[in-house]
Amino acid sequence: MQKRTNSTKEGQQAYQEWRDNLLANPELRAVYEEEAAKKEIWLQLVEARQKAGLTQVELAKRLGVSQAQVARMEKRGYDAYSLNSLRRYVQALGNGFSLDIAVQWNRPQKASSQMTGNH
């Protein structure tokens with residue numbers, strides 16, 4: 001059992017080091033964050049539909065589309081959302097659901113010498 005625990009810890013540590021190195025590269029970090037955002041959207045749609053107590057078929061009827069179109073929007077990796085399609089989807093869920101969009105600018109960090117006071 002001890003050997004398995006050590007292997008698990010080593011694997012977790014190796015993954016964390018790999019992930020930290022990946023995210024240290026600005027270009028790779030941007031791709032990672034874009035893909036993570038896609039995942040979040042489809043997952044939020046599925047969870048919201050389930051909380052509304054609706055099946056894909058029921059939601060499709062409310063939207064006036066096929067069940068296959070709802071399934072496509074809820075599919076992992078789908079990235080052809082339009083603002084209008086998301087708005088309609090959320091409206092079809094019923095009262096209590098809203099679509100919130102945030103546009104943020106993350107100010108770049110100042111150089112470390114400026115932050116520490118070393119000039």
# chains A, B, ... in the order shown; residues from 1 in each chain; ligands from 1
$ select_by_dssp --residues "range 10-87 of chain A" --states "alpha helix (DSSP H)" --output "number ranges by chain"
A: 10-24, 26-51, 56-63, 67-73, 83-87
$ write_last_selection --atoms "C-alpha atoms" --output "PDB file, in the first residue's frame"
ATOM      1  CA  GLU A  10       4.904  11.143  -7.517  1.00  0.00           C
ATOM      2  CA  GLY A  11       2.338  11.183 -10.311  1.00  0.00           C
ATOM      3  CA  GLN A  12       0.530  14.146  -8.796  1.00  0.00           C
ATOM      4  CA  GLN A  13       3.796  16.010  -8.383  1.00  0.00           C
ATOM      5  CA  ALA A  14       4.879  15.244 -11.959  1.00  0.00           C
ATOM      6  CA  TYR A  15       1.515  16.434 -13.285  1.00  0.00           C
ATOM      7  CA  GLN A  16       1.683  19.632 -11.239  1.00  0.00           C
ATOM      8  CA  GLU A  17       5.197  20.385 -12.533  1.00  0.00           C
ATOM      9  CA  TRP A  18       4.084  19.720 -16.124  1.00  0.00           C
ATOM     10  CA  ARG A  19       1.012  21.931 -15.695  1.00  0.00           C
ATOM     11  CA  ASP A  20       3.032  24.750 -14.099  1.00  0.00           C
ATOM     12  CA  ASN A  21       5.532  24.638 -16.971  1.00  0.00           C
ATOM     13  CA  LEU A  22       2.727  24.643 -19.534  1.00  0.00           C
ATOM     14  CA  LEU A  23       0.992  27.624 -17.954  1.00  0.00           C
ATOM     15  CA  ALA A  24       4.267  29.542 -17.662  1.00  0.00           C
ATOM     16  CA  PRO A  26       1.927  32.724 -22.377  1.00  0.00           C
ATOM     17  CA  GLU A  27       0.930  31.226 -25.744  1.00  0.00           C
ATOM     18  CA  LEU A  28       0.180  27.793 -24.292  1.00  0.00           C
ATOM     19  CA  ARG A  29      -1.607  29.369 -21.334  1.00  0.00           C
ATOM     20  CA  ALA A  30      -3.913  31.259 -23.733  1.00  0.00           C
ATOM     21  CA  VAL A  31      -4.797  28.031 -25.562  1.00  0.00           C
ATOM     22  CA  TYR A  32      -5.346  26.226 -22.262  1.00  0.00           C
ATOM     23  CA  GLU A  33      -7.632  28.964 -20.951  1.00  0.00           C
ATOM     24  CA  GLU A  34      -9.612  29.094 -24.211  1.00  0.00           C
ATOM     25  CA  GLU A  35     -10.212  25.347 -24.106  1.00  0.00           C
ATOM     26  CA  ALA A  36     -11.103  25.503 -20.412  1.00  0.00           C
ATOM     27  CA  ALA A  37     -13.652  28.242 -21.149  1.00  0.00           C
ATOM     28  CA  LYS A  38     -15.274  26.074 -23.822  1.00  0.00           C
ATOM     29  CA  LYS A  39     -15.586  23.265 -21.323  1.00  0.00           C
ATOM     30  CA  GLU A  40     -17.156  25.560 -18.800  1.00  0.00           C
ATOM     31  CA  ILE A  41     -19.834  26.776 -21.207  1.00  0.00           C
ATOM     32  CA  TRP A  42     -21.101  23.365 -22.294  1.00  0.00           C
ATOM     33  CA  LEU A  43     -21.011  22.072 -18.736  1.00  0.00           C
ATOM     34  CA  GLN A  44     -22.901  25.094 -17.421  1.00  0.00           C
ATOM     35  CA  LEU A  45     -25.560  24.599 -20.105  1.00  0.00           C
ATOM     36  CA  VAL A  46     -26.054  20.937 -19.193  1.00  0.00           C
ATOM     37  CA  GLU A  47     -26.169  21.648 -15.462  1.00  0.00           C
ATOM     38  CA  ALA A  48     -28.633  24.517 -15.923  1.00  0.00           C
ATOM     39  CA  ARG A  49     -30.935  22.398 -18.098  1.00  0.00           C
ATOM     40  CA  GLN A  50     -30.868  19.640 -15.500  1.00  0.00           C
ATOM     41  CA  LYS A  51     -31.623  22.113 -12.685  1.00  0.00           C
ATOM     42  CA  GLN A  56     -32.923  17.880 -24.289  1.00  0.00           C
ATOM     43  CA  VAL A  57     -36.153  17.056 -26.148  1.00  0.00           C
ATOM     44  CA  GLU A  58     -38.214  19.374 -23.935  1.00  0.00           C
ATOM     45  CA  LEU A  59     -35.718  22.208 -24.265  1.00  0.00           C
ATOM     46  CA  ALA A  60     -35.550  21.679 -28.036  1.00  0.00           C
ATOM     47  CA  LYS A  61     -39.344  22.063 -28.258  1.00  0.00           C
ATOM     48  CA  ARG A  62     -39.146  25.353 -26.350  1.00  0.00           C
ATOM     49  CA  LEU A  63     -36.426  26.563 -28.704  1.00  0.00           C
ATOM     50  CA  GLN A  67     -32.954  17.591 -29.959  1.00  0.00           C
ATOM     51  CA  ALA A  68     -29.766  17.061 -31.993  1.00  0.00           C
ATOM     52  CA  GLN A  69     -29.174  20.825 -32.051  1.00  0.00           C
ATOM     53  CA  VAL A  70     -29.502  21.033 -28.268  1.00  0.00           C
ATOM     54  CA  ALA A  71     -27.149  18.049 -27.918  1.00  0.00           C
ATOM     55  CA  ARG A  72     -24.639  19.788 -30.207  1.00  0.00           C
ATOM     56  CA  MET A  73     -24.652  22.926 -28.035  1.00  0.00           C
ATOM     57  CA  LEU A  83     -24.495  35.309 -28.231  1.00  0.00           C
ATOM     58  CA  ASN A  84     -28.018  35.003 -29.590  1.00  0.00           C
ATOM     59  CA  SER A  85     -28.054  31.201 -29.337  1.00  0.00           C
ATOM     60  CA  LEU A  86     -26.843  31.325 -25.739  1.00  0.00           C
ATOM     61  CA  ARG A  87     -29.428  33.983 -24.877  1.00  0.00           C
TER      62      ARG A  87
END
$ atom_distance --atom1 "CA of Trp105 in chain A" --atom2 "CA of Tyr89 in chain A"
27.2 Å
$ atom_distance --atom1 "CA of Val103 in chain A" --atom2 "CA of Tyr78 in chain A"
20.5 Å
$ decode --residues "range 6-28 of chain A" --atoms "N, CA, C and O atoms" --output "mmCIF file, in the first residue's frame"
data_model
loop_
_atom_site.group_PDB
_atom_site.id
_atom_site.type_symbol
_atom_site.label_atom_id
_atom_site.label_comp_id
_atom_site.auth_asym_id
_atom_site.auth_seq_id
_atom_site.Cartn_x
_atom_site.Cartn_y
_atom_site.Cartn_z
ATOM 1 N N ASN A 6 3.062 6.248 -2.649
ATOM 2 C CA ASN A 6 4.214 6.993 -3.156
ATOM 3 C C ASN A 6 4.085 7.232 -4.655
ATOM 4 O O ASN A 6 4.397 8.307 -5.149
ATOM 5 N N SER A 7 3.623 6.219 -5.402
ATOM 6 C CA SER A 7 3.453 6.361 -6.841
ATOM 7 C C SER A 7 2.409 7.419 -7.151
ATOM 8 O O SER A 7 2.570 8.209 -8.084
ATOM 9 N N THR A 8 1.339 7.436 -6.386
ATOM 10 C CA THR A 8 0.287 8.433 -6.591
ATOM 11 C C THR A 8 0.820 9.833 -6.326
ATOM 12 O O THR A 8 0.588 10.750 -7.110
ATOM 13 N N LYS A 9 1.548 9.999 -5.244
ATOM 14 C CA LYS A 9 2.124 11.310 -4.921
ATOM 15 C C LYS A 9 3.116 11.747 -5.989
ATOM 16 O O LYS A 9 3.141 12.905 -6.384
ATOM 17 N N GLU A 10 3.940 10.817 -6.467
ATOM 18 C CA GLU A 10 4.904 11.143 -7.517
ATOM 19 C C GLU A 10 4.188 11.548 -8.801
ATOM 20 O O GLU A 10 4.603 12.482 -9.471
ATOM 21 N N GLY A 11 3.117 10.849 -9.124
ATOM 22 C CA GLY A 11 2.338 11.183 -10.311
ATOM 23 C C GLY A 11 1.690 12.554 -10.192
ATOM 24 O O GLY A 11 1.694 13.339 -11.146
ATOM 25 N N GLN A 12 1.143 12.841 -9.020
ATOM 26 C CA GLN A 12 0.530 14.146 -8.796
ATOM 27 C C GLN A 12 1.567 15.259 -8.892
ATOM 28 O O GLN A 12 1.318 16.305 -9.480
ATOM 29 N N GLN A 13 2.736 15.009 -8.341
ATOM 30 C CA GLN A 13 3.796 16.010 -8.383
ATOM 31 C C GLN A 13 4.276 16.220 -9.819
ATOM 32 O O GLN A 13 4.476 17.355 -10.250
ATOM 33 N N ALA A 14 4.443 15.136 -10.569
ATOM 34 C CA ALA A 14 4.879 15.244 -11.959
ATOM 35 C C ALA A 14 3.850 16.004 -12.789
ATOM 36 O O ALA A 14 4.201 16.855 -13.611
ATOM 37 N N TYR A 15 2.567 15.713 -12.566
ATOM 38 C CA TYR A 15 1.515 16.434 -13.285
ATOM 39 C C TYR A 15 1.546 17.919 -12.942
ATOM 40 O O TYR A 15 1.447 18.772 -13.825
ATOM 41 N N GLN A 16 1.674 18.234 -11.657
ATOM 42 C CA GLN A 16 1.683 19.632 -11.239
ATOM 43 C C GLN A 16 2.856 20.383 -11.855
ATOM 44 O O GLN A 16 2.700 21.520 -12.305
ATOM 45 N N GLU A 17 4.028 19.751 -11.910
ATOM 46 C CA GLU A 17 5.197 20.385 -12.533
ATOM 47 C C GLU A 17 4.965 20.607 -14.021
ATOM 48 O O GLU A 17 5.277 21.666 -14.564
ATOM 49 N N TRP A 18 4.387 19.594 -14.698
ATOM 50 C CA TRP A 18 4.084 19.720 -16.124
ATOM 51 C C TRP A 18 3.096 20.860 -16.358
ATOM 52 O O TRP A 18 3.282 21.697 -17.236
ATOM 53 N N ARG A 19 2.044 20.902 -15.543
ATOM 54 C CA ARG A 19 1.012 21.931 -15.695
ATOM 55 C C ARG A 19 1.595 23.319 -15.437
ATOM 56 O O ARG A 19 1.318 24.269 -16.168
ATOM 57 N N ASP A 20 2.404 23.461 -14.411
ATOM 58 C CA ASP A 20 3.032 24.750 -14.099
ATOM 59 C C ASP A 20 3.914 25.217 -15.248
ATOM 60 O O ASP A 20 3.901 26.396 -15.612
ATOM 61 N N ASN A 21 4.678 24.288 -15.835
ATOM 62 C CA ASN A 21 5.532 24.638 -16.971
ATOM 63 C C ASN A 21 4.693 25.042 -18.188
ATOM 64 O O ASN A 21 5.031 25.990 -18.891
ATOM 65 N N LEU A 22 3.610 24.318 -18.422
ATOM 66 C CA LEU A 22 2.727 24.643 -19.534
ATOM 67 C C LEU A 22 2.146 26.043 -19.364
ATOM 68 O O LEU A 22 2.177 26.858 -20.287
ATOM 69 N N LEU A 23 1.641 26.338 -18.193
ATOM 70 C CA LEU A 23 0.992 27.624 -17.954
ATOM 71 C C LEU A 23 1.981 28.780 -17.853
ATOM 72 O O LEU A 23 1.571 29.942 -17.940
ATOM 73 N N ALA A 24 3.245 28.493 -17.697
ATOM 74 C CA ALA A 24 4.267 29.542 -17.662
ATOM 75 C C ALA A 24 4.496 30.131 -19.054
ATOM 76 O O ALA A 24 4.952 31.266 -19.187
ATOM 77 N N ASN A 25 4.162 29.369 -20.098
ATOM 78 C CA ASN A 25 4.299 29.833 -21.475
ATOM 79 C C ASN A 25 3.023 30.604 -21.839
ATOM 80 O O ASN A 25 1.949 30.018 -21.891
ATOM 81 N N PRO A 26 3.126 31.918 -22.105
ATOM 82 C CA PRO A 26 1.927 32.724 -22.377
ATOM 83 C C PRO A 26 1.072 32.204 -23.542
ATOM 84 O O PRO A 26 -0.158 32.236 -23.466
ATOM 85 N N GLU A 27 1.694 31.729 -24.598
ATOM 86 C CA GLU A 27 0.930 31.226 -25.744
ATOM 87 C C GLU A 27 0.168 29.953 -25.374
ATOM 88 O O GLU A 27 -1.011 29.802 -25.711
ATOM 89 N N LEU A 28 0.833 29.033 -24.702
ATOM 90 C CA LEU A 28 0.180 27.793 -24.292
ATOM 91 C C LEU A 28 -0.889 28.054 -23.230
ATOM 92 O O LEU A 28 -1.928 27.406 -23.218
#
